[in-house]
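Participant: Quick one: this structure, given as structure tokens, is what I'll be asking you about.
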Amino acid sequence: MKQPHIVALGGTLRPTSGTAAALERALSHATMLGARTTLLTGPAIDFPNYEPEAAGSNARIQSFLRALRDADGIIIGSPGYHGTLSGLVKNALDHVEMLRRDDRVYFDGMPIGLVATAAGWQAAVATLGTLRTVAHALRGWPTPIGVAINTIEDGAIEKAEPQLRLMVEQMIGFVAR
């Protein structure tokens, strides 16, 4: 079996993004399980609003799409802003529309890990539900475990470590099948 490639996308533009930290931890687990990994967060997903004609000539968008095309599994992470995913993450996911004519349309048949962070359980859980809906709409297979993290709690990312590890194990197991 070839080495699986797990791509994580999401986070915020803040250098101290809790979502990016959770994605980094998830990718660390993927690396320990033998995967190669790519993290797309902050400026790597800060694109102009989705416009198909303009997206084709943007080098950062094309790099983003190349990583997604090469992926065997995707982890999507978003902060919960007002009970749903952030505009930054939503706009990046809108650009996945550029994969609509590929042999593998969108995330078809891929395992999708989901991570939602927020300063409270309500927004984290609501955001996780929205991410699940988006993953289905993009033809992906969300892992049975999704990870909601209440970042208001001290050590929240560390406390979520067992769930992040299990989510990644489920992804790698799915790819191996």
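Scheme for the structure tokens: letters A, B, ... for chains in order shown; per-chain residue numbers from 1; ligand numbers from 1 in order shown.
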Could you list, as a count of residues only, every residue within 9 Å of Ala67 of chain A, counting only C-alpha atoms and ignoring same-chain residues fewer than 3 positions away?
Facilitator: 8
Participant: How would you write, as a ChimeraX atom specification, the set of residues in chain A that DSSP gives as strand (DSSP E or B)?
Facilitator: /A:5-10,36-41,73-81,84-85,111-118,141-142,147-150
Participant: What residues in chain A get the DSSP label alpha helix (DSSP H)? Please answer as number ranges by chain.
Facilitator: A: 18-32, 52-55, 59-70, 87-94, 121-137, 156-159, 161-176
Participant: Can I get the selected residues back with C-alpha atoms, as an mmCIF file, in the first residue's frame?
Facilitator:
```
data_model
loop_
_atom_site.group_PDB
_atom_site.id
_atom_site.type_symbol
_atom_site.label_atom_id
_atom_site.label_comp_id
_atom_site.auth_asym_id
_atom_site.auth_seq_id
_atom_site.Cartn_x
_atom_site.Cartn_y
_atom_site.Cartn_z
ATOM 1 C CA GLY A 18 -6.644 26.963 18.471
ATOM 2 C CA THR A 19 -8.120 25.296 15.406
ATOM 3 C CA ALA A 20 -4.741 25.236 13.665
ATOM 4 C CA ALA A 21 -3.171 23.796 16.827
ATOM 5 C CA ALA A 22 -5.773 20.996 16.850
ATOM 6 C CA LEU A 23 -5.142 20.313 13.156
ATOM 7 C CA GLU A 24 -1.384 20.176 13.793
ATOM 8 C CA ARG A 25 -1.931 17.615 16.557
ATOM 9 C CA ALA A 26 -4.150 15.514 14.324
ATOM 10 C CA LEU A 27 -1.519 15.571 11.576
ATOM 11 C CA SER A 28 1.126 14.591 14.123
ATOM 12 C CA HIS A 29 -0.902 11.439 14.816
ATOM 13 C CA ALA A 30 -1.204 10.809 11.074
ATOM 14 C CA THR A 31 2.569 11.080 10.715
ATOM 15 C CA MET A 32 3.069 8.605 13.560
ATOM 16 C CA PRO A 52 -14.664 30.515 -10.781
ATOM 17 C CA GLU A 53 -13.160 32.669 -13.526
ATOM 18 C CA ALA A 54 -10.664 34.343 -11.174
ATOM 19 C CA ALA A 55 -9.797 31.239 -9.141
ATOM 20 C CA ALA A 59 -1.380 30.431 -7.751
ATOM 21 C CA ARG A 60 -2.322 29.938 -4.062
ATOM 22 C CA ILE A 61 -5.705 28.510 -5.002
ATOM 23 C CA GLN A 62 -4.106 26.207 -7.548
ATOM 24 C CA SER A 63 -1.616 24.978 -4.916
ATOM 25 C CA PHE A 64 -4.523 24.351 -2.526
ATOM 26 C CA LEU A 65 -6.371 22.364 -5.182
ATOM 27 C CA ARG A 66 -3.261 20.302 -6.045
ATOM 28 C CA ALA A 67 -2.936 19.286 -2.387
ATOM 29 C CA LEU A 68 -6.606 18.270 -2.270
ATOM 30 C CA ARG A 69 -6.315 16.300 -5.507
ATOM 31 C CA ASP A 70 -3.363 14.387 -4.056
ATOM 32 C CA GLY A 87 -16.053 32.684 6.533
ATOM 33 C CA LEU A 88 -12.379 31.860 5.903
ATOM 34 C CA VAL A 89 -13.036 28.116 6.038
ATOM 35 C CA LYS A 90 -16.322 28.355 4.126
ATOM 36 C CA ASN A 91 -14.661 30.331 1.342
ATOM 37 C CA ALA A 92 -11.809 27.802 1.101
ATOM 38 C CA LEU A 93 -14.387 25.006 0.879
ATOM 39 C CA ASP A 94 -16.283 26.963 -1.791
ATOM 40 C CA TRP A 121 -19.760 23.840 23.794
ATOM 41 C CA GLN A 122 -22.843 25.124 21.981
ATOM 42 C CA ALA A 123 -20.915 26.774 19.146
ATOM 43 C CA ALA A 124 -18.364 23.934 18.919
ATOM 44 C CA VAL A 125 -21.056 21.261 18.610
ATOM 45 C CA ALA A 126 -23.185 23.309 16.196
ATOM 46 C CA THR A 127 -20.138 23.958 14.012
ATOM 47 C CA LEU A 128 -19.247 20.254 14.035
ATOM 48 C CA GLY A 129 -22.753 19.460 12.787
ATOM 49 C CA THR A 130 -22.426 21.990 9.983
ATOM 50 C CA LEU A 131 -19.025 20.579 8.983
ATOM 51 C CA ARG A 132 -20.602 17.111 8.798
ATOM 52 C CA THR A 133 -23.266 18.456 6.424
ATOM 53 C CA VAL A 134 -20.604 20.125 4.266
ATOM 54 C CA ALA A 135 -18.508 16.922 4.160
ATOM 55 C CA HIS A 136 -21.550 14.984 2.945
ATOM 56 C CA ALA A 137 -22.326 17.649 0.337
ATOM 57 C CA ALA A 156 -8.581 22.106 25.844
ATOM 58 C CA ILE A 157 -6.475 21.030 22.855
ATOM 59 C CA GLU A 158 -4.435 18.630 25.007
ATOM 60 C CA LYS A 159 -7.642 17.208 26.523
ATOM 61 C CA GLU A 161 -5.794 14.510 22.114
ATOM 62 C CA PRO A 162 -7.420 11.048 22.526
ATOM 63 C CA GLN A 163 -10.351 12.036 20.273
ATOM 64 C CA LEU A 164 -8.019 13.546 17.649
ATOM 65 C CA ARG A 165 -5.939 10.366 17.667
ATOM 66 C CA LEU A 166 -9.023 8.139 17.299
ATOM 67 C CA MET A 167 -10.362 10.276 14.457
ATOM 68 C CA VAL A 168 -7.064 9.959 12.578
ATOM 69 C CA GLU A 169 -6.910 6.206 13.256
ATOM 70 C CA GLN A 170 -10.372 5.897 11.728
ATOM 71 C CA MET A 171 -9.218 7.854 8.660
ATOM 72 C CA ILE A 172 -6.075 5.762 8.166
ATOM 73 C CA GLY A 173 -8.105 2.563 8.630
ATOM 74 C CA PHE A 174 -10.597 3.745 6.009
ATOM 75 C CA VAL A 175 -7.787 4.522 3.532
ATOM 76 C CA ALA A 176 -6.220 1.083 4.146
#
```
Participant: Between atom CA of Ile145 of chain A and atom CA of Ile75 of chain A, what is the spacing in Å?
Facilitator: 12.0 Å
Participant: Leaving out His5 of chain A and any residue of its chain fewer than 5 positions from it, which residues lie within 6 Å of it when counting only C-alpha atoms, given as a ChimeraX atom specification?
Facilitator: /A:35-37,71-72
Participant: Output the selection as a PDB file, in the first residue's frame - all heavy atoms for each residue.
Facilitator:
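Output file again_3.pdb follows:
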```
ATOM      1  N   ALA A  35       1.587   8.278   7.652  1.00  0.00           N
ATOM      2  CA  ALA A  35       1.079   9.125   6.571  1.00  0.00           C
ATOM      3  C   ALA A  35       2.017  10.296   6.322  1.00  0.00           C
ATOM      4  O   ALA A  35       2.757  10.720   7.206  1.00  0.00           O
ATOM      5  CB  ALA A  35      -0.308   9.648   6.912  1.00  0.00           C
ATOM      6  N   ARG A  36       1.973  10.813   5.125  1.00  0.00           N
ATOM      7  CA  ARG A  36       2.579  12.120   4.873  1.00  0.00           C
ATOM      8  C   ARG A  36       1.460  13.121   5.002  1.00  0.00           C
ATOM      9  O   ARG A  36       0.283  12.787   4.795  1.00  0.00           O
ATOM     10  CB  ARG A  36       3.309  12.172   3.543  1.00  0.00           C
ATOM     11  CG  ARG A  36       2.479  12.051   2.334  1.00  0.00           C
ATOM     12  CD  ARG A  36       3.357  11.921   1.071  1.00  0.00           C
ATOM     13  NE  ARG A  36       2.528  11.585  -0.046  1.00  0.00           N
ATOM     14  CZ  ARG A  36       2.010  12.465  -0.884  1.00  0.00           C
ATOM     15  NH1 ARG A  36       2.275  13.752  -0.754  1.00  0.00           N
ATOM     16  NH2 ARG A  36       1.235  12.079  -1.869  1.00  0.00           N
ATOM     17  N   THR A  37       1.798  14.329   5.384  1.00  0.00           N
ATOM     18  CA  THR A  37       0.756  15.288   5.740  1.00  0.00           C
ATOM     19  C   THR A  37       1.012  16.660   5.124  1.00  0.00           C
ATOM     20  O   THR A  37       2.158  17.016   4.829  1.00  0.00           O
ATOM     21  CB  THR A  37       0.651  15.447   7.267  1.00  0.00           C
ATOM     22  OG1 THR A  37       1.874  15.974   7.771  1.00  0.00           O
ATOM     23  CG2 THR A  37       0.344  14.116   7.943  1.00  0.00           C
ATOM     24  N   ALA A  71      -4.725  14.188  -2.046  1.00  0.00           N
ATOM     25  CA  ALA A  71      -5.065  13.674  -0.712  1.00  0.00           C
ATOM     26  C   ALA A  71      -5.782  12.328  -0.777  1.00  0.00           C
ATOM     27  O   ALA A  71      -6.543  12.047  -1.702  1.00  0.00           O
ATOM     28  CB  ALA A  71      -5.945  14.681   0.016  1.00  0.00           C
ATOM     29  N   ASP A  72      -5.512  11.524   0.252  1.00  0.00           N
ATOM     30  CA  ASP A  72      -6.251  10.281   0.475  1.00  0.00           C
ATOM     31  C   ASP A  72      -7.283  10.471   1.585  1.00  0.00           C
ATOM     32  O   ASP A  72      -8.161   9.626   1.760  1.00  0.00           O
ATOM     33  CB  ASP A  72      -5.287   9.163   0.865  1.00  0.00           C
ATOM     34  CG  ASP A  72      -4.308   8.855  -0.254  1.00  0.00           C
ATOM     35  OD1 ASP A  72      -4.768   8.483  -1.345  1.00  0.00           O
ATOM     36  OD2 ASP A  72      -3.089   9.010  -0.038  1.00  0.00           O
TER      37      ASP A  72
END
```
Participant: So, counting only C-alpha atoms, which residue among A:Ile45, A:Leu13, A:Ala8, A:Ile76 is closest to His95 of chain A?
Facilitator: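 Among A:Ile45, A:Leu13, A:Ala8, A:Ile76, it is A:Ile45 that comes nearest to His95 of chain A.
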Participant: I'd like the interatomic distance between atom CA of Arg139 of chain A and atom CA of Thr117 of chain A, to a tenth of an Å.
Facilitator: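 The value is 23.2 Å.
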Participant: Check the smallest atom-to-atom distance from each of A:Leu138, A:Ala119, A:Ile6, A:Leu33 to Gly83 of chain A using only C-alpha atoms, then report the winner.
Facilitator: A:Ala119
